[in-house]
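Have a look at coords.cif below; it lists mmCIF, C-alpha atoms.
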```cif
data_structure
#
loop_
_atom_site.label_atom_id
_atom_site.label_comp_id
_atom_site.auth_asym_id
_atom_site.auth_seq_id
_atom_site.Cartn_x
_atom_site.Cartn_y
_atom_site.Cartn_z
CA ARG A 1 104.86 100.52 92.96
CA LYS A 2 107.80 102.71 93.90
CA ILE A 3 108.14 103.52 97.61
CA ILE A 4 109.92 106.76 98.53
CA PHE A 5 111.05 106.94 102.15
CA GLU A 6 113.78 109.08 103.76
CA LYS A 7 115.28 110.18 100.40
CA GLN A 8 115.47 106.53 99.34
CA TRP A 9 113.32 104.75 96.76
CA PHE A 10 112.77 101.00 96.44
CA TYR A 11 110.28 98.27 95.51
CA LEU A 12 108.77 95.90 98.10
CA ASP A 13 108.32 92.90 95.78
CA ASN A 14 111.24 90.93 97.23
CA ALA A 15 110.06 91.56 100.82
CA ILE A 16 106.98 89.35 100.43
CA GLY A 17 107.38 86.13 102.41
CA HIS A 18 109.91 87.43 104.93
CA ILE A 19 109.06 87.91 108.61
CA TYR A 20 108.60 91.30 110.25
CA GLY A 21 111.82 92.77 111.58
CA THR A 22 113.94 91.60 108.63
CA THR A 23 116.62 94.07 107.57
CA PHE A 24 117.02 94.61 103.84
CA GLU A 25 119.68 96.28 101.76
CA VAL A 26 118.62 98.41 98.79
CA THR A 27 120.56 97.38 95.68
CA ASN A 28 120.76 98.98 92.25
CA GLY A 29 117.35 99.37 90.65
CA GLY A 30 115.57 99.69 93.97
CA ASN A 31 115.41 95.95 94.67
CA LEU A 32 115.58 94.62 98.22
CA GLN A 33 117.90 91.88 99.40
CA PRO A 34 118.05 90.50 102.96
CA LYS A 35 121.15 91.85 104.64
CA GLN A 36 123.60 89.24 105.81
CA GLU A 37 124.83 89.68 109.34
CA VAL A 38 128.54 90.40 109.27
CA GLU A 39 130.63 90.68 112.40
CA GLU A 40 131.92 94.21 112.70
CA THR A 41 135.67 94.22 112.72
CA PRO A 42 137.17 96.85 114.98
CA THR A 43 138.49 99.75 112.95
CA GLU A 44 142.15 100.59 113.10
CA THR A 45 141.47 104.22 113.92
CA LYS A 46 140.59 103.87 117.58
CA GLU A 47 142.64 106.82 118.77
CA ALA A 48 140.43 109.31 120.55
CA GLY A 49 140.93 112.74 122.03
CA THR A 50 140.14 113.90 125.52
CA ASP A 51 137.64 116.61 124.56
CA ASN A 52 136.25 118.48 121.56
CA ARG A 53 137.04 122.05 122.57
CA ASN A 54 139.82 122.52 119.99
CA ILE A 55 137.80 121.17 117.05
CA VAL A 56 136.56 123.94 114.75
CA ASP A 57 133.65 123.12 112.41
CA ASP A 58 134.76 125.18 109.39
CA GLY A 59 133.76 122.61 106.74
CA LYS A 60 137.37 121.97 105.71
CA SER A 61 138.06 118.86 107.79
CA GLN A 62 136.76 116.43 105.12
CA LYS A 63 139.07 115.93 102.14
CA LEU A 64 136.50 114.04 100.05
CA THR A 65 134.27 116.32 98.01
CA HIS A 66 130.69 115.68 96.92
CA ASP A 67 131.91 114.67 93.44
CA ASP A 68 134.36 112.17 94.93
CA ILE A 69 131.58 110.50 96.96
CA LYS A 70 129.37 110.38 93.85
CA ALA A 71 132.20 108.73 91.90
CA LEU A 72 132.56 106.10 94.64
CA LYS A 73 128.84 105.34 94.39
CA ASP A 74 129.06 105.03 90.60
CA LYS A 75 131.85 102.46 90.97
CA GLY A 76 129.49 100.28 93.06
CA ILE A 77 131.15 100.85 96.43
CA LYS A 78 128.68 100.14 99.24
CA GLY A 79 127.78 102.31 102.21
CA GLN A 80 130.14 100.71 104.77
CA GLU A 81 133.15 101.28 102.53
CA ILE A 82 132.10 104.89 101.86
CA VAL A 83 131.87 105.51 105.60
CA GLN A 84 135.36 104.06 106.07
CA GLN A 85 136.68 106.35 103.34
CA LEU A 86 135.10 109.35 105.07
CA ILE A 87 136.73 108.38 108.37
CA GLU A 88 140.17 108.02 106.78
CA ASN A 89 139.90 111.36 104.98
CA SER A 90 138.71 113.31 108.01
CA THR A 91 141.41 115.43 109.64
CA THR A 92 139.53 115.88 112.92
CA PHE A 93 138.20 112.35 113.49
CA ARG A 94 141.16 111.22 115.62
CA ASP A 95 140.92 114.31 117.82
CA LYS A 96 137.26 113.66 118.73
CA THR A 97 136.23 111.82 121.89
CA GLU A 98 135.14 108.20 121.70
CA PHE A 99 131.48 109.19 122.09
CA ALA A 100 131.78 111.82 119.37
CA GLN A 101 133.40 109.28 117.04
CA ASP A 102 130.50 106.83 117.55
CA LYS A 103 128.02 109.62 116.90
CA TYR A 104 129.87 110.60 113.69
CA ILE A 105 129.90 107.01 112.41
CA LYS A 106 126.21 106.54 113.22
CA LYS A 107 125.31 109.74 111.40
CA LYS A 108 127.27 108.81 108.26
CA LYS A 109 125.87 105.27 108.21
CA LYS A 110 122.35 106.64 108.25
CA LYS A 111 123.18 108.89 105.31
CA TYR A 112 125.12 106.53 103.05
CA GLU A 113 123.98 103.02 103.98
CA ALA A 114 120.80 102.07 102.09
CA VAL A 115 119.42 99.72 104.75
CA ILE A 116 115.78 99.45 105.83
CA THR A 117 113.95 97.30 108.37
CA ILE A 118 110.28 96.42 107.92
CA VAL A 119 108.44 96.28 111.25
CA LYS A 120 104.89 95.28 112.10
CA PRO A 121 102.57 98.31 112.45
CA SER A 122 101.37 99.07 115.95
CA THR A 123 99.71 101.90 117.85
CA ARG A 124 103.01 103.06 119.30
CA ILE A 125 104.81 103.20 115.94
CA LEU A 126 101.95 104.90 114.07
CA SER A 127 101.24 107.46 116.80
CA THR A 128 104.94 108.33 117.05
CA MET A 129 105.18 108.68 113.28
CA TYR A 130 102.08 110.88 112.98
CA TYR A 131 103.13 113.10 115.89
CA ALA A 132 106.63 113.57 114.44
CA ARG A 133 105.62 114.15 110.81
CA GLU A 134 102.01 115.35 110.62
CA PRO A 135 100.77 116.33 114.11
CA GLY A 136 98.04 118.56 112.68
CA LYS A 137 96.21 115.57 111.20
CA ILE A 138 95.81 113.97 114.65
CA ASN A 139 95.04 117.24 116.52
CA HIS A 140 98.53 117.14 118.12
CA LEU A 141 97.62 113.99 120.07
CA ARG A 142 100.86 112.78 121.64
CA TYR A 143 101.51 109.05 122.00
CA ASP A 144 101.63 109.10 125.81
CA THR A 145 98.29 110.95 125.87
CA LEU A 146 96.80 108.28 123.60
CA ALA A 147 98.05 105.60 126.00
CA GLN A 148 96.37 107.44 128.88
CA MET A 149 93.10 107.53 126.91
CA LEU A 150 93.15 103.77 126.32
CA THR A 151 93.85 103.14 130.02
CA LEU A 152 91.27 105.57 131.41
CA GLY A 153 88.66 104.33 128.91
CA ASN A 154 89.13 100.70 130.08
CA ILE A 155 89.48 99.44 126.52
CA ARG A 156 89.44 95.63 126.49
CA ALA A 157 88.11 92.71 124.46
CA GLY A 158 84.35 92.24 124.50
CA ASN A 159 83.49 95.90 125.12
CA LYS A 160 80.87 97.93 123.30
CA MET A 161 82.62 101.22 122.64
CA ILE A 162 81.54 104.55 121.15
CA VAL A 163 84.38 106.43 119.45
CA MET A 164 84.11 109.98 118.14
CA GLU A 165 87.39 111.21 116.68
CA THR A 166 88.81 113.42 113.94
CA CYS A 167 92.39 112.12 114.20
CA ALA A 168 92.52 110.41 110.78
CA GLY A 169 91.38 107.11 112.35
CA LEU A 170 94.37 106.75 114.70
CA VAL A 171 92.28 106.57 117.89
CA LEU A 172 89.87 104.14 116.23
CA GLY A 173 92.76 101.90 115.16
CA ALA A 174 94.24 101.97 118.67
CA VAL A 175 90.88 100.90 120.15
CA MET A 176 90.49 98.12 117.56
CA GLU A 177 94.02 96.84 118.25
CA ARG A 178 93.43 96.64 122.00
CA MET A 179 90.03 94.95 121.60
CA GLY A 180 91.55 92.33 119.30
CA GLY A 181 88.46 91.86 117.12
CA TYR A 182 86.14 90.98 120.05
CA GLY A 183 83.25 93.28 120.93
CA SER A 184 81.67 96.07 118.92
CA ILE A 185 82.68 99.63 118.06
CA ILE A 186 80.38 102.41 116.91
CA GLN A 187 82.24 105.23 115.20
CA MET A 188 80.47 108.59 115.20
CA TYR A 189 81.55 110.75 112.27
CA PRO A 190 80.84 114.27 110.98
CA GLY A 191 80.25 115.09 107.34
CA ALA A 192 79.63 112.65 104.51
CA GLY A 193 81.60 109.66 105.81
CA PRO A 194 84.20 108.44 108.31
CA VAL A 195 87.92 109.06 107.75
CA ARG A 196 90.06 105.94 108.35
CA ALA A 197 93.41 106.71 106.74
CA ALA A 198 95.44 105.71 109.81
CA THR A 199 93.16 102.73 110.56
CA SER A 200 94.03 101.15 107.21
CA CYS A 201 97.75 101.39 108.07
CA PHE A 202 97.33 98.90 110.94
CA GLY A 203 96.72 96.03 108.52
CA PHE A 204 93.85 94.50 110.47
CA PRO A 205 92.29 91.29 109.09
CA LYS A 206 88.73 91.39 107.72
CA PRO A 207 87.07 89.91 110.86
CA PHE A 208 88.13 93.03 112.77
CA PHE A 209 85.79 95.12 110.60
CA ASP A 210 82.75 92.86 110.99
CA ASN A 211 81.78 94.47 114.31
CA LEU A 212 82.78 98.02 113.32
CA HIS A 213 79.73 100.24 112.83
CA GLU A 214 79.38 103.87 111.84
CA PHE A 215 76.76 106.49 112.59
CA PRO A 216 76.58 110.17 111.49
CA LEU A 217 76.54 112.91 114.10
CA SER A 218 73.76 114.67 112.19
CA LYS A 219 71.36 111.82 113.09
CA VAL A 220 72.08 111.75 116.85
CA HIS A 221 69.44 114.35 117.74
CA SER A 222 66.74 112.56 115.73
CA LEU A 223 67.73 109.23 117.31
CA LEU A 224 67.40 110.66 120.82
CA SER A 225 64.06 112.33 120.02
CA GLY A 226 62.65 109.19 118.37
CA THR A 227 62.22 110.67 114.87
CA PHE A 228 65.11 108.79 113.24
CA SER A 229 64.58 107.35 109.74
CA THR A 230 66.85 106.13 106.95
CA GLU A 231 64.78 107.50 104.07
CA THR A 232 66.79 110.73 103.70
CA LEU A 233 70.25 109.72 102.59
CA PRO A 234 72.63 112.15 100.84
CA SER A 235 72.12 112.68 97.07
CA ASP A 236 71.81 109.04 95.97
CA PRO A 237 68.08 109.12 95.03
CA GLU A 238 68.53 112.32 93.03
CA GLU A 239 71.39 110.81 91.04
CA ASN A 240 69.28 107.73 90.33
CA ALA A 241 66.41 109.92 89.14
CA LEU A 242 68.72 111.81 86.79
CA VAL A 243 70.08 108.57 85.36
CA GLU A 244 66.54 107.22 84.83
CA GLU A 245 65.50 110.43 83.03
CA GLU A 246 68.50 110.13 80.70
CA SER A 247 67.67 106.51 79.92
CA ASN A 248 64.01 107.42 79.28
CA GLY A 249 65.12 110.18 76.94
CA LEU A 250 67.23 107.72 74.98
CA THR A 251 64.31 105.31 74.55
CA ASP A 252 62.04 108.17 73.38
CA GLU A 253 64.60 109.17 70.76
CA LYS A 254 64.81 105.55 69.62
CA GLN A 255 61.02 105.32 69.22
CA THR A 256 60.78 108.59 67.26
CA SER A 257 63.60 107.52 64.92
CA HIS A 258 61.75 104.25 64.16
CA GLN A 259 58.48 106.11 63.52
CA GLU A 260 60.15 108.56 61.13
CA ALA A 261 61.73 105.67 59.26
CA GLU A 262 58.31 103.99 58.84
CA GLU A 263 56.58 107.18 57.60
CA GLU A 264 59.05 107.78 54.73
CA PRO A 265 57.52 106.98 51.25
CA THR A 266 59.10 104.03 49.52
CA THR A 267 58.56 103.51 45.77
CA GLU A 268 60.29 101.17 43.40
CA ALA A 269 61.78 104.00 41.34
CA ALA A 270 63.18 105.79 44.40
CA MET A 271 64.59 102.53 45.74
CA GLU A 272 66.43 101.86 42.48
CA ILE A 273 67.86 105.39 42.29
CA ASN A 274 68.94 105.77 45.97
CA GLN A 275 69.85 102.17 46.79
CA THR A 276 73.46 102.91 47.66
CA GLU A 277 72.61 105.95 49.78
CA GLU A 278 70.00 104.06 51.81
CA GLN A 279 72.46 101.23 52.44
CA GLU A 280 74.92 103.69 53.95
CA THR A 281 72.26 105.40 56.06
CA MET A 282 70.95 102.02 57.28
CA ASP A 283 74.45 101.01 58.39
CA ILE A 284 74.85 104.29 60.24
CA ASN A 285 71.40 103.93 61.86
CA ALA A 286 72.22 100.35 62.91
CA GLU A 287 75.44 101.54 64.55
CA ASP A 288 73.58 104.35 66.34
CA VAL A 289 70.91 101.98 67.61
CA GLU A 290 73.52 99.51 68.82
CA PHE A 291 75.43 102.31 70.59
CA LYS A 292 72.24 103.55 72.28
CA GLU A 293 71.30 100.04 73.40
CA ASN A 294 74.74 99.52 74.97
CA LYS A 295 74.45 102.88 76.72
CA GLU A 296 71.02 101.92 78.07
CA LYS A 297 72.42 98.66 79.47
CA GLU A 298 75.27 100.53 81.18
CA ASN A 299 72.85 103.04 82.70
CA LYS A 300 70.60 100.26 84.02
CA GLU A 301 73.60 98.48 85.57
CA ASN A 302 74.77 101.72 87.20
CA VAL A 303 71.30 102.34 88.62
CA ARG A 304 71.15 98.79 89.97
CA ASP A 305 74.62 99.09 91.57
CA LYS A 306 73.71 102.39 93.21
CA GLN A 307 70.46 100.97 94.55
CA ILE A 308 72.35 97.98 96.03
CA LYS A 309 74.93 100.28 97.66
CA GLN A 310 72.18 102.50 99.03
CA TRP A 311 70.36 99.48 100.47
CA GLU A 312 73.60 98.28 102.14
CA ARG A 313 74.19 101.73 103.63
CA ARG A 314 70.67 101.81 105.05
CA LYS A 315 71.11 98.33 106.52
CA LYS A 316 74.39 99.31 108.25
CA LEU A 317 72.82 102.53 109.50
CA MET A 318 69.87 100.64 110.98
CA GLU A 319 72.24 98.18 112.73
CA ALA A 320 74.24 101.05 114.27
CA ALA A 321 71.02 102.80 115.34
CA ALA A 322 69.75 99.60 116.98
CA LEU A 323 72.99 99.29 118.97
CA LEU A 324 72.79 102.91 120.11
CA ARG A 325 69.12 102.63 121.11
CA GLU A 326 70.06 100.03 123.69
CA LYS A 327 71.97 102.75 125.60
CA ASN A 328 74.31 100.22 127.19
CA ALA A 329 77.71 101.19 125.77
CA ASP A 330 80.69 100.23 127.92
CA GLY A 331 82.64 103.40 127.27
CA LEU A 332 82.98 106.61 125.30
CA ILE A 333 86.09 108.19 123.78
CA VAL A 334 86.01 111.66 122.20
CA ALA A 335 89.05 113.17 120.46
CA SER A 336 87.92 115.73 117.91
CA LYS A 337 88.55 119.24 116.68
CA PHE A 338 85.00 120.28 117.64
CA HIS A 339 83.92 121.76 120.97
CA PRO A 340 83.60 118.82 123.39
CA THR A 341 80.63 120.07 125.48
CA PRO A 342 77.70 119.44 123.07
CA LEU A 343 79.31 116.24 121.80
CA LEU A 344 79.80 114.77 125.25
CA LEU A 345 76.39 115.78 126.64
CA SER A 346 74.58 114.12 123.71
CA LEU A 347 76.74 110.98 123.44
CA LEU A 348 76.65 110.27 127.19
CA GLU A 349 72.98 109.35 126.73
CA PHE A 350 74.08 106.12 125.02
CA VAL A 351 76.52 105.03 127.77
CA ALA A 352 75.44 102.65 130.54
CA PRO A 353 75.90 103.65 134.21
CA SER A 354 79.20 102.93 135.96
CA ARG A 355 81.17 103.18 132.71
CA PRO A 356 84.21 105.39 131.96
CA PHE A 357 84.45 108.19 129.41
CA VAL A 358 87.48 110.15 128.17
CA VAL A 359 87.57 113.43 126.25
CA TYR A 360 90.72 114.78 124.59
CA CYS A 361 91.26 118.39 123.58
CA GLN A 362 94.38 120.22 122.53
CA TYR A 363 93.42 123.19 124.71
CA LYS A 364 92.38 123.46 128.34
CA GLU A 365 89.59 126.07 128.18
CA PRO A 366 86.97 123.95 126.29
CA LEU A 367 87.46 121.12 128.77
CA LEU A 368 87.03 123.52 131.71
CA GLU A 369 83.67 124.57 130.30
CA CYS A 370 82.79 120.91 129.74
CA TYR A 371 83.81 120.12 133.34
CA THR A 372 81.50 122.86 134.66
CA LYS A 373 78.55 121.72 132.55
CA LEU A 374 78.94 118.12 133.70
CA ARG A 375 79.03 119.16 137.37
CA GLU A 376 75.83 121.17 136.86
CA ARG A 377 74.14 118.35 134.94
CA GLY A 378 75.09 115.54 137.31
CA GLY A 379 75.17 111.87 136.43
CA VAL A 380 78.97 111.65 136.56
CA ILE A 381 81.52 111.11 139.30
CA ASN A 382 85.31 111.12 139.61
CA LEU A 383 85.74 113.98 137.13
CA LYS A 384 89.42 114.68 136.45
CA LEU A 385 91.13 117.16 134.16
CA SER A 386 94.75 116.16 133.60
CA GLU A 387 97.79 116.88 131.46
CA THR A 388 100.70 114.46 131.06
CA TRP A 389 104.30 115.63 131.07
CA LEU A 390 106.77 113.80 128.85
CA ARG A 391 110.52 114.04 128.47
CA ASN A 392 112.71 111.75 126.37
CA TYR A 393 115.96 110.31 127.71
CA GLN A 394 118.96 108.94 125.86
CA VAL A 395 119.97 105.67 127.50
CA LEU A 396 123.48 104.60 126.43
CA PRO A 397 126.49 103.31 128.37
CA ASP A 398 128.11 106.11 130.40
CA ARG A 399 126.06 108.78 128.60
CA SER A 400 122.43 108.53 129.73
CA HIS A 401 120.88 111.98 129.95
CA PRO A 402 117.65 113.80 129.12
CA LYS A 403 117.47 115.08 125.57
CA LEU A 404 117.79 118.78 124.98
CA THR A 405 114.50 119.10 123.06
CA MET A 406 111.18 118.07 124.55
CA SER A 407 107.49 118.41 123.74
CA GLY A 408 105.80 121.60 124.88
CA GLY A 409 102.45 119.96 125.50
CA GLY A 410 100.48 116.84 124.68
CA GLY A 411 96.94 118.14 125.15
CA TYR A 412 94.47 117.70 128.02
CA LEU A 413 92.21 114.86 129.11
CA LEU A 414 88.86 115.01 130.89
CA SER A 415 87.83 111.66 132.35
CA GLY A 416 85.05 110.42 134.59
CA ILE A 417 82.57 107.65 135.34
CA THR A 418 78.85 107.69 134.57
CA VAL A 419 76.19 107.03 137.23
CA VAL A 420 72.39 106.92 137.14
CA LEU A 421 71.09 110.45 136.64
CA ASP A 422 68.22 111.36 139.00
CA LYS A 423 66.07 113.48 136.70
CA GLY A 424 63.66 114.41 139.50
CA ARG A 425 66.21 116.61 141.23
CA SER A 426 66.41 120.19 140.09
CA ASP A 427 69.54 122.08 139.21
CA SER A 428 69.39 124.11 142.43
CA SER A 429 69.38 120.95 144.53
CA ASN A 430 72.36 119.67 142.53
CA LEU A 431 74.24 122.86 143.24
CA GLU A 432 73.38 122.62 146.94
CA ALA A 433 74.61 119.02 147.00
CA LEU A 434 77.84 120.08 145.34
CA LYS A 435 78.31 122.80 147.94
CA MET A 436 77.73 120.29 150.72
CA GLU A 437 80.37 117.97 149.24
CA GLU A 438 83.05 120.65 149.23
CA PRO A 439 84.93 120.91 152.54
CA SER A 440 84.88 124.21 154.35
CA PRO A 441 88.14 126.17 154.35
CA LYS A 442 90.28 125.83 157.44
CA ARG A 443 90.69 128.89 159.65
CA CYS A 444 94.19 129.98 160.45
CA LYS A 445 95.00 130.16 164.15
CA VAL A 446 96.62 133.39 165.28
CA GLN A 447 99.05 132.94 168.14
CA ASP A 448 100.22 135.76 170.37
CA LEU A 449 103.93 136.29 170.10
CA HIS A 450 105.64 137.60 173.25
CA CYS A 451 109.00 139.23 172.94
#
```

Rewrite the coordinates I just gave you, this time as structure tokens.
Amino acid sequence: RKIIFEKQWFYLDNAIGHIYGTTFEVTNGGNLQPKQEVEETPTETKEAGTDNRNIVDDGKSQKLTHDDIKALKDKGIKGQEIVQQLIENSTTFRDKTEFAQDKYIKKKKKKYEAVITIVKPSTRILSTMYYAREPGKINHLRYDTLAQMLTLGNIRAGNKMIVMETCAGLVLGAVMERMGGYGSIIQMYPGAGPVRAATSCFGFPKPFFDNLHEFPLSKVHSLLSGTFSTETLPSDPEENALVEEESNGLTDEKQTSHQEAEEEPTTEAAMEINQTEEQETMDINAEDVEFKENKEKENKENVRDKQIKQWERRKKLMEAAALLREKNADGLIVASKFHPTPLLLSLLEFVAPSRPFVVYCQYKEPLLECYTKLRERGGVINLKLSETWLRNYQVLPDRSHPKLTMSGGGGYLLSGITVVLDKGRSDSSNLEALKMEEPSPKRCKVQDLHC
């Protein structure tokens, strides 16, 4: 299929079999060809100015027009030659500084050279891409904040993790990548089913999904109260019943048509007169019966397929419920658009003591409320509410400096460690214990000043 990326379209057929990191050149027709490494010959125009203060950007410095560049492309001239033509026909290129000239060449190469590099997908690449292009789909989760979540959550191979996220599957994919296919993951999801758009972009092998389980949030309360059952699943039984009624209606129509055909009077005289007409009606009836029989077979196959899918869903749901009932998860990660307090208080019941948990939220106020509720509830220690600060730097010879634009905020993280909750203690005793833990404020000493 046609791939459209950065105003460039191409087909990936010729890329199959090459290693990751190979650079391809897009030829005519959208085909890819591996780019041959050519030593860059130093350009003749190496004269550079001292500064750019006298350069005026009035749009008249380039002699080549848009039509001239289009004509060069039609002749089959490649990107490097077009860039050289632009340099030669620029009246202000020689007056620019050496750094400005390099920046100009880099900008024109990106625009006119049809060169792409296929890299292996990773958490860093996908999180950077989502944050730059579609931050709303991942709740504005910045890549450094995601790295902090993986570190604070102690994600490693062999863990049993609970992940609740509404970030298009990016957090789930990051956890799966770090675990490397060892251990088990239980994904909690709202609505009809889990969303794993970003997870599929990682390109994980099939064994990675063998230990990936899913469990709906709507069943958490029933699982904790002990009333959980898999009999009520969304709308599948009703659809099966409707299909069975339609098939029964078809069989009833078939039986009535046969009975009416048997009750019709048949005499020798009538048979001789209407022989041709009956032949035609019999052919039509035979076609109708054959059509109805084929439709009945299709309906039965559809019913059987739906019953098999429903049975598989129930089996997976029972496996996930059995894992949660053990209440020995090694960690919990929450990154959703919902309020974190009810989610965290219910899901912490499935986490074993002395295990970390991390909650992400784009805003600070919900996490402050969650922090207060956890302190009142008890059963957690080392509670921390943090925000990471990130600034990008350009690192180049003789021109390393922070970039002018930077991110305004990457969200907030609430982290902590679970401990055994003493249910015998009342809330008032918990509050008293918290007061005892807090140090008393220091008194300021007032010294007499003598003039």

**OP:** Name the residues that the PyMOL selection byres ((chain A and resi 19) around 12) pulls out of this structure, and write them as a PyMOL selection string.
**Re:** chain A and resi 14-18+20-24+34+117-120

**OP:** Given the file shown, determine the residues that the PyMOL selection byres ((chain A and resi 363) around 10) selects; report them as a VMD selection string.
**Re:** chain A and resid 360 to 362 364 to 368 409 to 413

Kindly export the residues of the current selection with C-alpha atoms, as a short mmCIF file (atom, residue, chain, number, x, y, z; two decimals), in the coordinates of the input.
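selection32.cif was written with the following content:
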```cif
data_model
loop_
_atom_site.label_atom_id
_atom_site.label_comp_id
_atom_site.auth_asym_id
_atom_site.auth_seq_id
_atom_site.Cartn_x
_atom_site.Cartn_y
_atom_site.Cartn_z
CA TYR A 360 90.72 114.78 124.59
CA CYS A 361 91.26 118.39 123.58
CA GLN A 362 94.38 120.22 122.53
CA LYS A 364 92.38 123.46 128.34
CA GLU A 365 89.59 126.07 128.18
CA PRO A 366 86.97 123.95 126.29
CA LEU A 367 87.46 121.12 128.77
CA LEU A 368 87.03 123.52 131.71
CA GLY A 409 102.45 119.96 125.50
CA GLY A 410 100.48 116.84 124.68
CA GLY A 411 96.94 118.14 125.15
CA TYR A 412 94.47 117.70 128.02
CA LEU A 413 92.21 114.86 129.11
#
```

Subject >> the PyMOL selection byres ((chain A and resi 98) around 12) resolved against shown file, as a ChimeraX atom specification >> reply: /A:45-52,93-97,99-105,397-399

Subject >> Atom pair atom CA of A:Glu6 / atom CA of A:Arg133: separation (Å) >> reply: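 These two atoms are separated by 11.9 Å.
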
Please identify all polymer residues within 12 Å of A:His221, counting all atoms listed in the file, omitting same-chain residues fewer than 3 positions from it, and present them as an mmCIF file with C-alpha atoms, keeping the file's coordinate frame.
```
data_model
loop_
_atom_site.group_PDB
_atom_site.id
_atom_site.type_symbol
_atom_site.label_atom_id
_atom_site.label_comp_id
_atom_site.auth_asym_id
_atom_site.auth_seq_id
_atom_site.Cartn_x
_atom_site.Cartn_y
_atom_site.Cartn_z
ATOM 1 C CA PHE A 215 76.760 106.490 112.590
ATOM 2 C CA PRO A 216 76.580 110.170 111.490
ATOM 3 C CA LEU A 217 76.540 112.910 114.100
ATOM 4 C CA SER A 218 73.760 114.670 112.190
ATOM 5 C CA LEU A 224 67.400 110.660 120.820
ATOM 6 C CA SER A 225 64.060 112.330 120.020
ATOM 7 C CA GLY A 226 62.650 109.190 118.370
ATOM 8 C CA THR A 227 62.220 110.670 114.870
ATOM 9 C CA PHE A 228 65.110 108.790 113.240
ATOM 10 C CA SER A 229 64.580 107.350 109.740
ATOM 11 C CA ALA A 321 71.020 102.800 115.340
ATOM 12 C CA PRO A 342 77.700 119.440 123.070
ATOM 13 C CA LEU A 343 79.310 116.240 121.800
ATOM 14 C CA LEU A 345 76.390 115.780 126.640
ATOM 15 C CA SER A 346 74.580 114.120 123.710
ATOM 16 C CA LEU A 347 76.740 110.980 123.440
ATOM 17 C CA GLU A 349 72.980 109.350 126.730
ATOM 18 C CA PHE A 350 74.080 106.120 125.020
#
```

Find the nearest atom pair between each residue of stretch 295-370 of chain A and stretch 171-182 of chain A for residues within 10 Å, count all atoms listed in the file, give distances in Å to one decimal, sort rows by chain and ascending number, and present the table as a Markdown table.
```
| residue | atom | partner | partner_atom | distance |
| --- | --- | --- | --- | --- |
| A:Ile333 | CA | A:Val171 | CA | 8.7 |
| A:Val334 | CA | A:Val171 | CA | 9.2 |
| A:Ala335 | CA | A:Val171 | CA | 7.8 |
```

Original post:
Which polymer residues have any atom within 9 Å of an atom of A:Leu146, counting only C-alpha atoms, with same-chain residues fewer than 3 positions away left out, as a VMD selection string?
Top reply: chain A and resid 127 141 to 143 149 to 151 171 174 360

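Minimum atom-to-atom distance to A:Arg325, evaluated using only C-alpha atoms, belongs to A:Leu223 out of A:Leu86, A:Leu223, A:Ile138, A:Leu32.
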
**OP:** Rank nothing, just name the residue among A:Leu383, A:Cys201, A:Ile82, A:Ala322 nearest to A:Lys109, using only C-alpha atoms.
**Re:** A:Ile82

Original post:
Do you have the atom CA of A:Thr65-atom CA of A:Phe10 distance handy?
Top reply: 26.4 Å
